[in-house]
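J.: The structure is given below, and queries will be raised subsequently.
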Amino acid sequence: MAGAPDLPAEFAESLSQLMPDSRARRLGLAVSGGSDSMAMMALAARWGGAELWVATVDHGLRPESATEAQTVAKAAARLGLPHATLHWQDWSGRGNLQDAARQARRRLLAQWAASEGLDAVLLGHTRDDQAETVLLRLARGSGVDGLAAMPARFGAHGLLWLRPLLDMARADLRDWLLAQGLHWADDPSNENTDFDRVKARQLRALLAPLGLSDTRLAETAARMAEARHVLELAADTAQAQLRQDQHGDILFDAKGLDALPADTRYRLFARALCEIASSPYRPRMKALRAALGAHRATLHGCLITRAGDVLRITREAQAVARLRAPFGQIWDKRWQITAPPDTLPAQDLHIAALGENGLALCPDQAGWLLPRPSLLASPAVWDGARLVAAPLAGLAPDWHASLCQTDTGAGSAAYSH
């Protein structure tokens with residue numbers, strides 16, 4: 001096709017920029033069967049710069065989904081690539097279906113990537129998706145972070161994710177697929193105007209004559225991403241000066257925090273909430289403002305208190321009151337407790353919050369490493385209803401409670417609304 005873009009060359013250049021150190025040599029491809037991801041698979045196979053694995057998530061929400069996964073498997077086999085179908089089976093039927101499906105898809109792909117020892121997973125989002133995301137974020141009143149839209153490279157679930165098609169147009173990818181004699185499946189939900197993204201997709205055609213083309217919207221996202229980087233650096237500097245960590249709690253110099261520019265102040269606050277709650281998404285700005293201006297507030301599963309010149313953020317006891325984990329596993333996505341050397345813990349031990357009943361069994365406040373509200377949500381070891389150890393409350397201090405490195409995307413990702 002005359003004047004058609006050289007997509008294989010663009011794909012190779014995109015990956016060279018996303019992986020400048022060239023250390024990713026085992027890559028996963030998330031392929032749904034739609035045109036974007038099918039093009040990504042074919043381009044990646046032609047590129048040949050790494051060992052490739054392919055996975056399709058079958059959400060089980062449409063009768064055609066199993067057939068589409070089989071079609072991807074056959075296409076992958078023709079390219080000499082191994083394929084796995086990952087099944088989502090825990091949809092509760094409540095809440096936002098598209099968001100639940102997206103989170104499940106990302107979780108299943110991360111588990112698959114870990115099992116295969118992959119360095120990164122490639123996603124097939126295009127310039128079209130980027131433009132739709134900018135429009136959706138505009139409709140929500142997003143700031144700089146939200147309008148930066150989708151990054152081409154990011155970390156989540158302990159894994160590196162890459163979007164090598166983000167500068168490519170869907171129409172060009174489809175033209176290239178047809179020229180290769182390759183086909184794809186169209187998801188009928190992409191025409192369902194009950195979904196906001198579909199509405200944004202249809203709106204793009206009306207906005208293009210006004211100059212709001214996909215290219216222009218993607219350029220806006222790129223500029224916002226550059227601005228976000230500057231804001232993140234400012235937040236990093238302020239955080240180093242104003243933040244202290246105390247056994248899982250996060251403390252700020254309240255006067256210093258209040259004196260910061262608004263964006264930096266809310267950015268630091270959002271980071272801390274997301275870190276303690278192990279959440280990749282921050283609360284809405286209205287809720288952030290209200291909580292930060294109060295002397296005591298609960299938000300995002302956290303308790304926020306001001307006392308003198310200190311603003312303390314800790315886990316909210318109610319948020320973890322029913323949370324249980326077998327001993328030896330991570331509790332609340334961030335705590336791990338280890339037994340003393342040469343101790344063989346009973347097999348039925350579990351980790352749960354210390355709570356009021358547990359704290360009553362730790363009367364020696366000289367051993368308390370945190371204030372009472374923080375200790376209520378702290379991890380403890382239980383044998384049924386018997387308290388075995390509460391390291392942060394001074395009970396059996398030879399047991400050790402340590403924080404695991406969390407993966408919440410609590411920087412820019414946590415501030416993206």
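Identifiers in this document derive from the order of the structure tokens: chains are assigned A, B, ..., residues are numbered from 1 separately in each chain, and ligands are numbered from 1 in order of occurrence.
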Find the spatial neighbours of Ala75 in chain A, counting only C-alpha atoms, within a cut-off of 9 Å - ignore same-chain residues fewer than 4 positions away - and output them as number ranges by chain.

T.: A: 38, 42, 70-71, 79-81, 182

J.: Store the residues picked out above, limited to C-alpha atoms, as a PDB file, in the first residue's frame.

T.:
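That gives us part-v1.pdb:
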ATOM      1  CA  MET A  38      -3.274 -10.107  16.801  1.00  0.00           C
ATOM      2  CA  ALA A  42       2.429 -11.135  14.303  1.00  0.00           C
ATOM      3  CA  GLN A  70      -8.836 -21.306  20.325  1.00  0.00           C
ATOM      4  CA  THR A  71      -8.400 -19.105  17.257  1.00  0.00           C
ATOM      5  CA  LEU A  79       3.877 -18.619  14.232  1.00  0.00           C
ATOM      6  CA  GLY A  80       5.652 -21.247  16.329  1.00  0.00           C
ATOM      7  CA  LEU A  81       4.665 -19.650  19.632  1.00  0.00           C
ATOM      8  CA  LEU A 182      -4.335 -12.494   8.785  1.00  0.00           C
TER       9      LEU A 182
END

J.: For Ala254 in chain A, find every residue with an atom within 8 Å (counting only C-alpha atoms), except residues of its own chain fewer than 4 positions away, and show them as a PyMOL selection string.

T.: chain A and resi 258+306+309-311

J.: Please produce an output containing C-alpha atoms for each residue in the selection, written as an mmCIF file, in the first residue's frame.

T.:
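part-v1.cif was written with the following content:
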data_model
loop_
_atom_site.group_PDB
_atom_site.id
_atom_site.type_symbol
_atom_site.label_atom_id
_atom_site.label_comp_id
_atom_site.auth_asym_id
_atom_site.auth_seq_id
_atom_site.Cartn_x
_atom_site.Cartn_y
_atom_site.Cartn_z
ATOM 1 C CA ASP A 258 0.688 22.163 54.707
ATOM 2 C CA ARG A 306 -2.999 15.076 63.454
ATOM 3 C CA ASP A 309 3.191 18.912 64.301
ATOM 4 C CA VAL A 310 2.783 15.290 63.210
ATOM 5 C CA LEU A 311 0.344 13.873 60.676
#

J.: Can you pull out every residue within 12 Å of Pro341 in chain A, counting only C-alpha atoms, but drop anything in the same chain fewer than 4 positions away, and send it as a PyMOL selection string?

T.: chain A and resi 345+398-400

J.: Let me make sure I understand: among A:Arg140, A:Ala73, A:Arg201, A:Asp263, which one has the smallest atom-to-atom distance to Leu288 in chain A if we use only C-alpha atoms?

T.: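 Of A:Arg140, A:Ala73, A:Arg201, A:Asp263, the one nearest Leu288 in chain A is A:Asp263, counting only C-alpha atoms.
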
J.: Tell me, which residues of range 1-238 of chain A carry DSSP strand (DSSP E or B), written as number ranges by chain?

T.: A: 26-30, 51-58, 83-87, 120-122, 153-156, 159-162

J.: Need to verify the contact set: Leu359 in chain A, 10 Å, only C-alpha atoms, exclusion of same-chain residues closer than 5 positions in sequence. Can you return it as a list in words?

T.: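 Those residues are Ala353, Leu354, Asp364, Gln365, Trp368, Arg372, Leu375, Leu376, Ser378, Ala380, Leu387, Ala390, Ala393, Gly394 and Leu395 of chain A.
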
J.: Return the single residue from A:Ala100, A:Leu18, A:Cys302, A:Leu165 that is closest to Arg153 in chain A, with distances computed using only C-alpha atoms.

T.: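 Distance minimum relative to Arg153 in chain A lands on A:Leu18.
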
J.: Give me, as number ranges by chain, all polymer residues having an atom no more than 10 Å from range 230-245 of chain A, counting only C-alpha atoms and skipping those fewer than 2 positions away in the same chain.

T.: A: 144-145, 224-228, 247-257, 260-261, 263-269, 271-272, 310-313, 411-412

J.: What does the file look like for those residues with N, CA and C atoms, as a compact mmCIF listing (two decimals), in the first residue's frame?

T.:
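This went into selection-v3.txt:
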# COMPACT_ATOMS: atom_id res chain seq x y z
N VAL A 144 -3.20 16.62 35.70
CA VAL A 144 -2.04 16.25 34.88
C VAL A 144 -1.87 14.74 34.80
N ASP A 145 -1.92 14.07 35.94
CA ASP A 145 -1.65 12.64 35.95
C ASP A 145 -2.68 11.85 35.15
N MET A 224 1.51 15.74 29.01
CA MET A 224 1.11 15.59 30.40
C MET A 224 2.02 14.60 31.14
N ALA A 225 2.47 13.57 30.43
CA ALA A 225 3.40 12.61 31.05
C ALA A 225 4.71 13.29 31.40
N GLU A 226 5.17 14.21 30.54
CA GLU A 226 6.39 14.96 30.85
C GLU A 226 6.18 15.86 32.06
N ALA A 227 5.02 16.50 32.11
CA ALA A 227 4.72 17.36 33.26
C ALA A 227 4.61 16.54 34.54
N ARG A 228 3.99 15.37 34.43
CA ARG A 228 3.87 14.50 35.61
C ARG A 228 5.24 14.13 36.15
N HIS A 247 7.48 1.59 61.65
CA HIS A 247 6.86 0.28 61.81
C HIS A 247 5.55 0.15 61.03
N GLY A 248 5.58 0.59 59.79
CA GLY A 248 4.40 0.47 58.93
C GLY A 248 3.55 1.71 58.87
N ASP A 249 3.67 2.59 59.84
CA ASP A 249 2.98 3.88 59.79
C ASP A 249 3.83 4.86 58.98
N ILE A 250 3.17 5.88 58.43
CA ILE A 250 3.86 6.95 57.72
C ILE A 250 3.55 8.26 58.43
N LEU A 251 4.61 8.99 58.79
CA LEU A 251 4.47 10.24 59.52
C LEU A 251 4.99 11.39 58.66
N PHE A 252 4.25 12.50 58.69
CA PHE A 252 4.69 13.71 57.99
C PHE A 252 4.82 14.86 58.97
N ASP A 253 5.77 15.74 58.71
CA ASP A 253 5.83 17.03 59.37
C ASP A 253 4.61 17.81 58.88
N ALA A 254 3.61 17.98 59.75
CA ALA A 254 2.33 18.54 59.31
C ALA A 254 2.48 19.96 58.80
N LYS A 255 3.28 20.78 59.50
CA LYS A 255 3.45 22.17 59.05
C LYS A 255 4.15 22.21 57.70
N GLY A 256 5.16 21.39 57.55
CA GLY A 256 5.86 21.35 56.27
C GLY A 256 4.98 20.87 55.14
N LEU A 257 4.14 19.87 55.45
CA LEU A 257 3.23 19.35 54.44
C LEU A 257 2.22 20.42 54.03
N LEU A 260 3.44 23.07 51.49
CA LEU A 260 3.79 22.66 50.13
C LEU A 260 2.76 23.17 49.13
N PRO A 261 3.16 23.31 47.86
CA PRO A 261 2.16 23.56 46.82
C PRO A 261 1.12 22.45 46.83
N ASP A 263 -0.42 20.57 44.68
CA ASP A 263 -0.21 19.33 43.95
C ASP A 263 0.76 18.41 44.69
N THR A 264 1.86 18.99 45.18
CA THR A 264 2.84 18.17 45.90
C THR A 264 2.25 17.61 47.18
N ARG A 265 1.49 18.42 47.88
CA ARG A 265 0.87 17.98 49.14
C ARG A 265 -0.05 16.80 48.91
N TYR A 266 -0.95 16.92 47.94
CA TYR A 266 -1.89 15.84 47.69
C TYR A 266 -1.20 14.61 47.10
N ARG A 267 -0.14 14.84 46.36
CA ARG A 267 0.60 13.72 45.78
C ARG A 267 1.25 12.88 46.88
N LEU A 268 1.88 13.54 47.84
CA LEU A 268 2.51 12.81 48.94
C LEU A 268 1.47 12.08 49.78
N PHE A 269 0.36 12.75 50.04
CA PHE A 269 -0.70 12.15 50.84
C PHE A 269 -1.27 10.92 50.14
N ARG A 271 0.17 9.05 47.85
CA ARG A 271 1.19 7.98 47.86
C ARG A 271 1.13 7.19 49.16
N ALA A 272 1.08 7.91 50.27
CA ALA A 272 1.11 7.24 51.57
C ALA A 272 -0.13 6.38 51.78
N VAL A 310 2.65 16.58 63.90
CA VAL A 310 2.78 15.29 63.21
C VAL A 310 1.45 14.86 62.61
N LEU A 311 1.48 14.53 61.33
CA LEU A 311 0.34 13.87 60.68
C LEU A 311 0.72 12.41 60.50
N ARG A 312 -0.07 11.53 61.10
CA ARG A 312 0.22 10.09 61.07
C ARG A 312 -0.83 9.38 60.23
N ILE A 313 -0.35 8.48 59.38
CA ILE A 313 -1.23 7.64 58.57
C ILE A 313 -0.94 6.19 58.94
N GLY A 411 3.14 5.73 42.98
CA GLY A 411 3.59 7.04 42.54
C GLY A 411 2.60 7.63 41.58
N SER A 412 2.98 7.74 40.32
CA SER A 412 2.09 8.37 39.36
C SER A 412 0.83 7.57 39.12

J.: Between CA of Ala9 in chain A and CA of Arg105 in chain A, what distance in Å does the model show, to one decimal?

T.: 29.1 Å

J.: Considering only C-alpha atoms, state which residue in the set A:Gln347, A:Ser278, A:Thr338, A:Gln246 is at the smallest distance from Ala319 in chain A.

T.: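 Residue with the minimum atom-to-atom distance to Ala319 in chain A: A:Ser278.
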
J.: Neighbouring residues of Arg324 in chain A were defined as those with any atom within 7 Å, considering only C-alpha atoms; residues of the same chain fewer than 5 positions away were excluded. Please report them as a count of residues only.

T.: 3

J.: Hey, what does DSSP flag as helix (DSSP H, G or I) within range 275-348 of chain A? Can you give it to me as a list of chain:residue names?

T.: A:Glu275, A:Ile276, A:Ala277, A:Met285, A:Lys286, A:Ala287, A:Leu288, A:Arg289, A:Ala290, A:Ala291, A:Leu292, A:Ala317, A:Gln318, A:Ala319, A:Val320

J.: Go through A:Ala171, A:Val121, A:Leu166, A:Ala270 one by one, measure the shortest atom-to-atom distance of each to Leu108 in chain A using only C-alpha atoms, and give the residue with the smallest value.

T.: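 Checking each candidate against Leu108 in chain A, we get A:Val121 as the closest.
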
J.: Could you tell me how far CA of Ala385 in chain A lies from CA of Gly328 in chain A, in Å and to one decimal?

T.: 18.1 Å

J.: Choose the residue, out of A:Glu68, A:Asp383, A:Glu356, A:Asp332, that has the smallest atom-to-atom separation from Cys404 in chain A; count only C-alpha atoms.

T.: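 Answer, going by the shortest atom-to-atom distance: A:Asp332.
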